[in-house]
Structure formats: C-alpha cells, structure tokens
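Reviewing the structure listed below.
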Amino acid sequence: MAQAVVEVCVALGEADAARRLMKFVSENKWPVTVRISAQLTAEADVSLCLLDYAELLRQGQEGLREFLTRVAELTREWGKWLWPAERSVFVVLYNWEKCAGEMAFPELLEWLEERKSEWLVRLQAIWARCTARFYVNPDRAGSQAQRENATETSAPVGQDVVATPGGFGQVKWRIWAVSLREKDDPRLSDLPLGFGVGQLFRQVCVAALEYASRRRRQTYLAWCYLLLGLVALVGFLTGIILLAGRYHRPVATVTTEEDPTRHLPSVERYAWWVDRGRRLLRWEEWHQGGAFSLDWPSWLEAVQKFQRMTTWLPKLESEEERVWERALHDVRAQLGWVYARACVLGVEGAGQLSLQEGRPGKASFAFPLGLPPVGEQSGLFQTRQPNALEAFLREVSERRKQVHEHFPEADLRLLPGDLPNEVAEDLRQLAEQRYLAVLEPVRAEIRRQVLRLGEGRETLAAWRELVQRGWLGGAARRELAEWLSVVQMLQAWSGREMRDPLDELVQFVLQETVPLPLGRLWLSWPEMTVEPLPGQTARLQEPPSQLLLTFSSPGERATTLSYQRFDASTGQFGRSRRWEYRLATQVSWPGECYLYRPGVSLRIEARVKDAMGKTWQIRWSEREARSQVFGFTVLELTPRCHVPEEPVEAGVFLHGVRLHLSVPLPIPDLLP
C-alpha cells in the first residue's frame with residue numbers, strides 16, 4: 001500500500017528554504033513520503049508551503065495572491081474528483097527572527113501567536129476573493145466587467161456574486177511558525193535550532209495519514225457501490241422478468257398482527273399482559289445466563305407492540321376485575337416513562353421507531369450543535385457570526401416543544417425501581433452526554449463575549465464586566481429561558497443536582513478567592529506504554545516520587561510547593577490505582593486550604609523513570625488550562641510526557657492519569 005505523500009514548496013522566499021527545512025526533518029524517520037517541488041500539485045495528500053516572513057511584510061497581501069490563486073486552481077480541480085474534502089494546507093512562516101528582536105521565550109511565543117492570528121485573518125480574506133474568481137456563476141454575476149469588479153472587491157462571497165464551490169474540493173488552512181536559522185546565526189541564540197519543526201511534522205504526518213486513509217476508504221467504497229449497483233440492477237431486471245411471467249397470479253393477502261391472548265377470557269388476558277409488561281420492565285428476555293444484552297432497538301420495538309396491543313383490550317365490569325386494569329395501567333405508565341426518556345435522549349433505534357409512529361425527527365435532544373466548539377485560535381472565535389447562538393436557541397426551543405407534545409411522559413419522575421441497573425446507568429450516561437453537548441454552544445458564546453470585552457484576551461476585568469453589566473448580567477437570562485428548562489431536565493436525568501448554571505457561573509466569577517484543599521493530592525496512575533518520540537516507546541510502571549506545584553502571577557515571585565508520594569499504596573488507593581501525595585513544604589494555610597486568587601497561574605511538574613531507567617518530564621501546563629484567569633483549572637487536565645529539554649507541547653498525553661483533591665474541583669459547568 002502506497003505511503004501518504006507530503007509536498008513541500010516555497011511559496012514566497014528563497015528556494016533554499018525547503019532544503020534547510022528538510023535538514024531538520026531528515027534526522028527522524030517519518031511514516032510518509034516527503035518531496036520538494038517548485039509548485040503545488042494536485043497529487044499530494046498534504047501541502048506544506050513556506051513563506052518568508054520578512055518578504056511577506058515587504059510585499060504585504062500581494063505576496064499571498066499568487067500562492068492563493070494556485071491553491072484556488074487546485075481546489076477547482078479537486079472538486080471534479082470523488083476524493084474526500086478538507087485537504088490540509090500548512091502555511092509555515094520562517095525568517096521571522098529579525099522582526100522578533102530580543103525578547104524572552106514566553107514573550108516570543110505570545111508574539112508568534114499574535115502574528116499567526118493576524119496573518120490567518122488576512123489569508124482568509126484574500127482566499128475568499130481568489131475562490132470567488134473561480135466559482136462565480138456566469139448566469140447571475142452580470143457582465144464580464146461586473147464579474148471582474150466583484151472579484152476585486154473585499155465584499156464576502158454571496159453578496160455581490162454567487163459562489164458555487166466545487167463539490168469535494170475544500171481546503172483546511174493551518175498556519176505555523178518555525179525557525180530555520182543556522183548554527184552561526186546570532187539572532188535569538190537561546191532559541192533551539194529547528195524550533196517548531198518536529199512538532200510541525202508530527203501534525204503534518206497525522207493529517208497526511210488521516211487523509212490518505214480516508215481516500216483509500218472512499219476508493220474502496222466507490223468500488224463496492226459500483227458492484228452493489230450492478231447486483232441491484234441484475235436483481236431488478238430479474239424481478240421484472242419474474243413478475244411479467246406471473247402477473248396472472250392473485251396478490252397474497254396481508255395478515256394483520258394478531259393478539260396471542262384473543263382466545264382467553266378477559267381477566268386472563270389482562271393477567272397475561274400485566275406479566276408481559278413486568279417482564280419487559282425487567283428486561284428478562286435480554287438476560288441470557290449471566291450475560292445481559294443492552295439491545296435498545298429490539299426492546300423499544302417490543303414496548304411499542306405491547307402498548308399497541310394493550311390499547312384495544314375489552315373493559316372489565318366488576319370491581320374485583322378492575323384491579324387488573326389498574327395494574328396494567330401502572331405497567332403501561334412505567335414502560336412509557338422509560339420509552340419516552342430513551343427516545344428523547346436518542347438511544348440506538350429510537351429515531352427510526354419515532355418516524356414509524358408518525359413522530360417528527362426533532363422530538364429528541366440528540367441533534368448537531370448550532371455553534372462550533374471552542375477552538376485554539378481566538379481570532380476565529382471573535383469573527384463568528386453572532387446569529388449562530390440565535391439559531392441554536394431556536395433549534396432548542398423547537399425541539400423542546402416537539403418533546404412536550406409527543407412525549408408528555410418525559411418529565412422529572414424517577415425511573416421505575418424494577419429497571420435493571422445497566423439500563424438505568426446507560427440512560428444516565430446518555431443524559432450526561434446530552435447535557436454537556438447542550439452546554440457547549442453557550443460556553444462558546446460566553447468565551448466570545450469575554451474575548452470581545454477583553455479586546456482579544458481573557459482578563460478578570462472582562463469576566464467581571466460580563467457578569468455585572470454585560471450579557472450574563474441581563475440579556476442572557478431572558479434569551480436562555482427555554483434552554484435553562486432543557487438543561488435542568490437533563491441535570492435531573494443525569495443524576496446531577498438541579499441548579500441554575502448561569503447563577504453558578506456569576507457567583508463563581510464574583511468570588512475574590514476560591515478555597516482549594518491542597519494539603520493532599522491523589523494521583524490516578526495506570527501502568528502504561530507511551531511513545532514520547534516517534535519510534536521510541538517508554539513503559540511507565542510507577543508514578544513519580546515527587547510533585548512540584550508552582551504558583552505564579554505577573555509582578556510577583558513564583559512559589560513552588562513540594563509533594564512527596566506516600567509509600568503505602570494498599571487499601572482503597574491501591575485497589576483503584578490511586579497514589580497519595582502529601583505536602584512536604586511548610587505553609588501557613590488555615591486547615592490545609594489554600595485561598596486561590598483569580599489571575600494566578602498553576603503548573604505541576606514531575607520526573608519519572610521508565611522501565612529502562614530513562615528520565616521523562618511530566619507536566620500539567622498552565623498554557624493548556626481551559627481558563628487563563630482561573631488557572632487552577634489546570635488540575636483537571638491530562639498531563640503530557642516529554643523529553644526534559646523539549647517544550648511541553650511536543651509531548652504526548654498520558655491518558656488515564658488524573659489528579660484528584662479531597663473534594664471535587666469548584667469549576668462551574670458553563671466555564672468555557
């Protein structure tokens with residue numbers, strides 16, 4: 001099977017830049033084929049284009065026009081092929097050292113992020129004009145002069161012209177910055193040689209392998225569909241021939257569904273169906289020996305048949321016999337609660353059965369979100385259309401009305417006690433997933449509002465203004481009224497305490513300090529094998545013997561606390577693979593509770609040895625915390641393992657390794 005192909009070319013700058021880049025890349029073995037070309041071609045799985053930052057500043061946006069025009073031509077060609085969409089194009093900035101000047105390493109990283117965000121916005125604007133030039137509909141764009149004038153303006157595609165992009169041709173832009181300076185180059189001498197190149201090519205390899213895999217899979221599917229089409233055509237022609245030869249035979253009558261108790265007396269029929277309903281409630285037919293099969297489609301179909309068959313039972317006359325009517329009514333109600341909750345949460349097979357019963361597909365909370373998730377690039381976040389939240393809230397409102405209309409049994413009542421624990425837990429976990437999914441668009445909007453008030457940065461002042469005089473202080477309560485009712489229903493179904501997430505976030509932001517019991521820490525540590533470097537594995541058996549927790553804030557001296565691993569790993573910690581760490585540094589906290597102030601950043605570091613005795617660095621990085629203002633959120637992260645001399649972003653995640661306090665972290669559900 002052919003390897004994935006990565007194409008490297010110089011879009012702007014010296015042709016020697018590609019050779020210098022490959023000098024840093026050739027030291028490692030990569031599972032892809034890398035080739036250097038003078039111009040982008042359509043055969044590569046991933047394209048990597050080098051831009052001289054100094055030359056880019058000199059030429060401005062004109063320096064990108066020729067390069068983006070070539071990519072637009074390729075997308076038009078890709079759109080004619082049945083290949084997967086979202087082909088990755090990495091735009092790599094180099095030769096930026098002379099523009100950076102002399103600055104510390106953290107300030108240099110922040111400066112690079114700002115430059116990348118700035119040029120990404122410019123690139124997208126020029127890209128929109130380039131694609132409009134190739135995808136203008138000639139029937140609706142007017143004369144040739146009007147089309148040329150429309151493509152040269154900065155108006156978005158779709159206002160003055162009609163853009164009709166090619167079917168499968170789409171580009172996923174990724175912008176990077178690397179250092180290609182030579183050893184004798186005095187600029188930024190403390191910057192590592194080949195800075196960012198290793199991490200860049202790891203991402204390039206992942207994108208290339210993923211795209212090549214999707215392309216191969218789509219090729220196989222195309223052949224399979226062609227074969228299936230031929231089989232279907234042969235079967236269709238065969239059926240036509242058979243029907244033409246037997247058209248004179250009478251059509252077979254369709255038999256309706258029959259009640260298995262139709263020949264029994266009325267009381268015995270009720271008793272049989274009551275027993276049948278209780279067995280359905282206990283999922284008895286899905287227990288086979290000691291194994292349990294959680295087959296939602298068959299169970300939902302059985303309950304649907306049960307409800308349909310018991311609707312037409314005859315009425316009982318005597319008071320003694322009506323006991324069975326009440327018993328059947330209770331069983332039907334309990335099955336209805338479970339059936340309604342399963343359909344609203346969108347278990348497997350629920351959508352198809354709802355359509356068969358005539359219910360709309362929107363009578364469920366299992367739907368795609370209206371807003372994109374929080375991304376790593378804040379610039380994209382600030383440019384999102386504000387009406388995206390309105391569309392999401394309209395969708396939630398419509399689905400809430402459909403649920404109340406078609407599933408009135410879906411309320412806050414507890415599930416029946418006869419329901420197996422496996423079924424109840426599956427519904428609880430599914431409700432938890434739906435709850436977190438419904439929170440995400442509102443989190444994204446809160447993040448956007450904070451960045452807007454902070455002029456592109458997350459600050460404590462922006463948070464305070466948002467909850468006191470901004471969106472969370474007024475309009476949010478009115479706009480999110482129906483969303484709150486859905487959230488509280490999902491909270492009850494997932495076993496959470498019913499509370500207002502908006503009030504919880506407001507009270508959290510207004511706190512001057514957050515108490516954290518940092519006297520003891522517990523570390524979940526499974527035995528694992530990881531690959532910190534390509535082709536090099538490390539088997540980590542025991543957790544580190546020491547943890548270092550560092551507090552730092554602007555203008556103040558950093559404070560480091562040392563935690564020593566407790567020797568005893570038996571008892572409840574040993575059974576759950578948890579290790580206790582006790583604070584070894586002398587502190588003056590009242591009751592071992594540290595009062596955290598917003599704005600203070602935390603990071604946790606440790607060193608661990610693998611089975612071969614090699615030392616690795618483990619770090620919970622403050623740059624990866626969900627909030628830079630409330631830095632204690634770093635405690636919920638999954639740490640990274642990396643070589644001590646490399647940056648933390650070059651490491652790999654240690655899945656299954658988590659830090660725990662004696663109480664859950666006081667993080668609001670809506671904190672983005």
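Note on naming: chains are A, B, ... as they come in the structure tokens, residues start from 1 per chain, ligands start from 1 in the order shown.
Here the residues within stretch 238-320 of chain A that DSSP labels strand (DSSP E) on the basis of the backbone are His287, Gln288, Ala291 and Phe292 of chain A.
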What is the atom CA of A:Pro515-atom CA of A:Leu595 distance in Å, reported with one decimal?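 For atom CA of A:Pro515 relative to atom CA of A:Leu595, the distance reads 4.5 Å.
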Could you check how far atom CA of A:Val509 sits from atom CA of A:Val467, in Å to one decimal? 7.6 Å
Applying 8 Å and only C-alpha atoms, which residues near stretch 122-126 of chain A remain after dropping the ones on its own chain fewer than 3 positions away? List them as a ChimeraX atom specification. /A:61,64-65,68,118-119,129-130,154
Show me, as a VMD selection string, the residues that have an atom within 9 Å of stretch 651-662 of chain A when counting only C-alpha atoms, minus same-chain residues fewer than 2 positions from it. chain A and resid 516 to 526 528 530 to 533 617 to 618 635 to 643 646 to 649 664 to 665
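Interatomic distance, atom CA of A:Leu453 against atom CA of A:Val634: 23.7 Å.
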Determine the nearest neighbour of A:Ala611 from the options A:Asp259, A:Glu542, A:Glu210, A:Glu320, counting only C-alpha atoms.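 For A:Ala611, the nearest of the given residues is A:Glu542.
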Any idea what's packed within 12 Å of stretch 418-425 of chain A, counting only C-alpha atoms, ignoring anything in its chain fewer than 5 positions away? Could you give it as a PyMOL selection string? chain A and resi 277-284+286-287+291-296+299+331+334-335+337-339+341-342+347+430-432+493-495
A:Ala208: which residues within 6 Å, counting only C-alpha atoms, same-chain residues fewer than 6 positions away excluded, as a PyMOL selection string? chain A and resi 4+45-46
Using N, CA, C and O atoms, can you export the residues from the last selection as a short mmCIF file (atom, residue, chain, number, x, y, z; two decimals), in the first residue's frame?
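After the write, out.cif holds the following:
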data_model
loop_
_atom_site.label_atom_id
_atom_site.label_comp_id
_atom_site.auth_asym_id
_atom_site.auth_seq_id
_atom_site.Cartn_x
_atom_site.Cartn_y
_atom_site.Cartn_z
N ALA A 4 1.49 7.86 2.41
CA ALA A 4 0.94 9.19 2.23
C ALA A 4 2.04 10.13 1.73
O ALA A 4 3.21 9.99 2.08
N ASP A 45 -1.17 14.45 -0.60
CA ASP A 45 -2.20 14.35 0.43
C ASP A 45 -2.20 15.57 1.34
O ASP A 45 -3.24 15.98 1.85
N VAL A 46 -1.04 16.15 1.58
CA VAL A 46 -0.91 17.36 2.40
C VAL A 46 0.13 18.25 1.74
O VAL A 46 1.17 17.77 1.28
#
Got a sec: who's within 12 Å of A:Ala327, counting only C-alpha atoms, leaving out chain neighbours fewer than 6 positions off, as a PDB file with all heavy atoms, in the first residue's frame?
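And here's part-v1.pdb as it stands now:
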ATOM      1  N   VAL A 267     -60.205 -11.562  31.972  1.00  0.00           N
ATOM      2  CA  VAL A 267     -59.334 -11.409  33.136  1.00  0.00           C
ATOM      3  C   VAL A 267     -57.981 -12.057  32.876  1.00  0.00           C
ATOM      4  O   VAL A 267     -56.927 -11.503  33.227  1.00  0.00           O
ATOM      5  CB  VAL A 267     -60.009 -12.000  34.388  1.00  0.00           C
ATOM      6  CG1 VAL A 267     -59.061 -11.933  35.582  1.00  0.00           C
ATOM      7  CG2 VAL A 267     -61.301 -11.264  34.701  1.00  0.00           C
ATOM      8  N   TYR A 270     -55.839  -9.851  30.694  1.00  0.00           N
ATOM      9  CA  TYR A 270     -55.204  -8.763  31.449  1.00  0.00           C
ATOM     10  C   TYR A 270     -54.023  -9.293  32.265  1.00  0.00           C
ATOM     11  O   TYR A 270     -52.953  -8.660  32.322  1.00  0.00           O
ATOM     12  CB  TYR A 270     -56.230  -8.093  32.366  1.00  0.00           C
ATOM     13  CG  TYR A 270     -56.964  -6.946  31.710  1.00  0.00           C
ATOM     14  CD1 TYR A 270     -58.114  -7.164  30.960  1.00  0.00           C
ATOM     15  CD2 TYR A 270     -56.499  -5.648  31.835  1.00  0.00           C
ATOM     16  CE1 TYR A 270     -58.790  -6.119  30.360  1.00  0.00           C
ATOM     17  CE2 TYR A 270     -57.171  -4.592  31.238  1.00  0.00           C
ATOM     18  CZ  TYR A 270     -58.318  -4.834  30.496  1.00  0.00           C
ATOM     19  OH  TYR A 270     -58.986  -3.794  29.895  1.00  0.00           O
ATOM     20  N   ALA A 271     -54.209 -10.452  32.905  1.00  0.00           N
ATOM     21  CA  ALA A 271     -53.134 -11.012  33.721  1.00  0.00           C
ATOM     22  C   ALA A 271     -51.920 -11.354  32.857  1.00  0.00           C
ATOM     23  O   ALA A 271     -50.764 -11.129  33.262  1.00  0.00           O
ATOM     24  CB  ALA A 271     -53.628 -12.259  34.457  1.00  0.00           C
ATOM     25  N   TRP A 272     -52.180 -11.888  31.665  1.00  0.00           N
ATOM     26  CA  TRP A 272     -51.067 -12.238  30.776  1.00  0.00           C
ATOM     27  C   TRP A 272     -50.292 -11.000  30.356  1.00  0.00           C
ATOM     28  O   TRP A 272     -49.061 -10.994  30.372  1.00  0.00           O
ATOM     29  CB  TRP A 272     -51.610 -12.963  29.538  1.00  0.00           C
ATOM     30  CG  TRP A 272     -50.537 -13.602  28.700  1.00  0.00           C
ATOM     31  CD1 TRP A 272     -50.064 -14.860  28.801  1.00  0.00           C
ATOM     32  CD2 TRP A 272     -49.804 -12.971  27.621  1.00  0.00           C
ATOM     33  NE1 TRP A 272     -49.080 -15.083  27.862  1.00  0.00           N
ATOM     34  CE2 TRP A 272     -48.895 -13.933  27.117  1.00  0.00           C
ATOM     35  CE3 TRP A 272     -49.832 -11.716  27.038  1.00  0.00           C
ATOM     36  CZ2 TRP A 272     -48.035 -13.666  26.059  1.00  0.00           C
ATOM     37  CZ3 TRP A 272     -48.971 -11.443  25.997  1.00  0.00           C
ATOM     38  CH2 TRP A 272     -48.079 -12.403  25.509  1.00  0.00           C
ATOM     39  N   TRP A 273     -51.002  -9.936  29.986  1.00  0.00           N
ATOM     40  CA  TRP A 273     -50.336  -8.728  29.523  1.00  0.00           C
ATOM     41  C   TRP A 273     -49.643  -7.983  30.670  1.00  0.00           C
ATOM     42  O   TRP A 273     -48.608  -7.344  30.464  1.00  0.00           O
ATOM     43  CB  TRP A 273     -51.327  -7.800  28.817  1.00  0.00           C
ATOM     44  CG  TRP A 273     -51.636  -8.254  27.416  1.00  0.00           C
ATOM     45  CD1 TRP A 273     -52.804  -8.788  26.963  1.00  0.00           C
ATOM     46  CD2 TRP A 273     -50.749  -8.221  26.302  1.00  0.00           C
ATOM     47  NE1 TRP A 273     -52.717  -9.101  25.639  1.00  0.00           N
ATOM     48  CE2 TRP A 273     -51.456  -8.759  25.193  1.00  0.00           C
ATOM     49  CE3 TRP A 273     -49.440  -7.817  26.122  1.00  0.00           C
ATOM     50  CZ2 TRP A 273     -50.883  -8.879  23.937  1.00  0.00           C
ATOM     51  CZ3 TRP A 273     -48.867  -7.933  24.871  1.00  0.00           C
ATOM     52  CH2 TRP A 273     -49.579  -8.457  23.786  1.00  0.00           C
ATOM     53  N   VAL A 274     -50.208  -8.040  31.892  1.00  0.00           N
ATOM     54  CA  VAL A 274     -49.526  -7.424  33.036  1.00  0.00           C
ATOM     55  C   VAL A 274     -48.193  -8.132  33.285  1.00  0.00           C
ATOM     56  O   VAL A 274     -47.154  -7.485  33.516  1.00  0.00           O
ATOM     57  CB  VAL A 274     -50.421  -7.460  34.290  1.00  0.00           C
ATOM     58  CG1 VAL A 274     -49.610  -7.115  35.541  1.00  0.00           C
ATOM     59  CG2 VAL A 274     -51.587  -6.503  34.145  1.00  0.00           C
ATOM     60  N   ASP A 275     -48.206  -9.462  33.239  1.00  0.00           N
ATOM     61  CA  ASP A 275     -46.966 -10.206  33.419  1.00  0.00           C
ATOM     62  C   ASP A 275     -45.979  -9.910  32.290  1.00  0.00           C
ATOM     63  O   ASP A 275     -44.767  -9.774  32.528  1.00  0.00           O
ATOM     64  CB  ASP A 275     -47.279 -11.701  33.473  1.00  0.00           C
ATOM     65  CG  ASP A 275     -46.018 -12.538  33.663  1.00  0.00           C
ATOM     66  OD1 ASP A 275     -45.416 -12.465  34.748  1.00  0.00           O
ATOM     67  OD2 ASP A 275     -45.632 -13.235  32.706  1.00  0.00           O
ATOM     68  N   ARG A 276     -46.509  -9.788  31.064  1.00  0.00           N
ATOM     69  CA  ARG A 276     -45.645  -9.465  29.926  1.00  0.00           C
ATOM     70  C   ARG A 276     -44.989  -8.094  30.109  1.00  0.00           C
ATOM     71  O   ARG A 276     -43.786  -7.913  29.860  1.00  0.00           O
ATOM     72  CB  ARG A 276     -46.475  -9.486  28.634  1.00  0.00           C
ATOM     73  CG  ARG A 276     -45.782  -8.936  27.403  1.00  0.00           C
ATOM     74  CD  ARG A 276     -44.577  -9.736  27.033  1.00  0.00           C
ATOM     75  NE  ARG A 276     -43.964  -9.250  25.797  1.00  0.00           N
ATOM     76  CZ  ARG A 276     -42.757  -9.581  25.382  1.00  0.00           C
ATOM     77  NH1 ARG A 276     -42.004 -10.421  26.101  1.00  0.00           N
ATOM     78  NH2 ARG A 276     -42.274  -9.101  24.262  1.00  0.00           N
ATOM     79  N   GLY A 277     -45.750  -7.102  30.578  1.00  0.00           N
ATOM     80  CA  GLY A 277     -45.202  -5.764  30.794  1.00  0.00           C
ATOM     81  C   GLY A 277     -44.145  -5.738  31.882  1.00  0.00           C
ATOM     82  O   GLY A 277     -43.122  -5.045  31.755  1.00  0.00           O
ATOM     83  N   ARG A 278     -44.375  -6.483  32.965  1.00  0.00           N
ATOM     84  CA  ARG A 278     -43.383  -6.511  34.036  1.00  0.00           C
ATOM     85  C   ARG A 278     -42.089  -7.190  33.578  1.00  0.00           C
ATOM     86  O   ARG A 278     -40.993  -6.793  33.988  1.00  0.00           O
ATOM     87  CB  ARG A 278     -43.964  -7.214  35.253  1.00  0.00           C
ATOM     88  CG  ARG A 278     -45.054  -6.392  35.956  1.00  0.00           C
ATOM     89  CD  ARG A 278     -45.753  -7.168  37.032  1.00  0.00           C
ATOM     90  NE  ARG A 278     -46.758  -6.343  37.712  1.00  0.00           N
ATOM     91  CZ  ARG A 278     -47.661  -6.810  38.568  1.00  0.00           C
ATOM     92  NH1 ARG A 278     -47.688  -8.126  38.847  1.00  0.00           N
ATOM     93  NH2 ARG A 278     -48.537  -5.996  39.125  1.00  0.00           N
ATOM     94  N   GLU A 320     -63.738  -6.179  41.302  1.00  0.00           N
ATOM     95  CA  GLU A 320     -62.611  -7.072  41.564  1.00  0.00           C
ATOM     96  C   GLU A 320     -61.752  -7.260  40.316  1.00  0.00           C
ATOM     97  O   GLU A 320     -60.524  -7.360  40.391  1.00  0.00           O
ATOM     98  CB  GLU A 320     -63.129  -8.424  42.060  1.00  0.00           C
ATOM     99  CG  GLU A 320     -63.861  -8.349  43.394  1.00  0.00           C
ATOM    100  CD  GLU A 320     -64.370  -9.705  43.836  1.00  0.00           C
ATOM    101  OE1 GLU A 320     -64.215 -10.670  43.031  1.00  0.00           O
ATOM    102  OE2 GLU A 320     -64.917  -9.807  44.940  1.00  0.00           O
ATOM    103  N   GLU A 321     -62.405  -7.307  39.166  1.00  0.00           N
ATOM    104  CA  GLU A 321     -61.647  -7.497  37.931  1.00  0.00           C
ATOM    105  C   GLU A 321     -60.878  -6.243  37.524  1.00  0.00           C
ATOM    106  O   GLU A 321     -59.843  -6.324  36.857  1.00  0.00           O
ATOM    107  CB  GLU A 321     -62.594  -7.906  36.798  1.00  0.00           C
ATOM    108  CG  GLU A 321     -63.244  -9.272  37.002  1.00  0.00           C
ATOM    109  CD  GLU A 321     -64.248  -9.591  35.911  1.00  0.00           C
ATOM    110  OE1 GLU A 321     -64.653  -8.629  35.212  1.00  0.00           O
ATOM    111  OE2 GLU A 321     -64.634 -10.765  35.759  1.00  0.00           O
ATOM    112  N   ALA A 333     -47.744   2.831  32.228  1.00  0.00           N
ATOM    113  CA  ALA A 333     -47.170   4.137  32.565  1.00  0.00           C
ATOM    114  C   ALA A 333     -45.669   4.034  32.816  1.00  0.00           C
ATOM    115  O   ALA A 333     -44.885   4.870  32.342  1.00  0.00           O
ATOM    116  CB  ALA A 333     -47.880   4.717  33.790  1.00  0.00           C
ATOM    117  N   GLN A 334     -45.240   3.005  33.555  1.00  0.00           N
ATOM    118  CA  GLN A 334     -43.816   2.858  33.839  1.00  0.00           C
ATOM    119  C   GLN A 334     -43.020   2.579  32.564  1.00  0.00           C
ATOM    120  O   GLN A 334     -41.929   3.141  32.359  1.00  0.00           O
ATOM    121  CB  GLN A 334     -43.608   1.744  34.855  1.00  0.00           C
ATOM    122  CG  GLN A 334     -44.155   2.062  36.237  1.00  0.00           C
ATOM    123  CD  GLN A 334     -44.000   0.900  37.200  1.00  0.00           C
ATOM    124  OE1 GLN A 334     -43.472  -0.154  36.840  1.00  0.00           O
ATOM    125  NE2 GLN A 334     -44.482   1.075  38.420  1.00  0.00           N
TER     126      GLN A 334
END
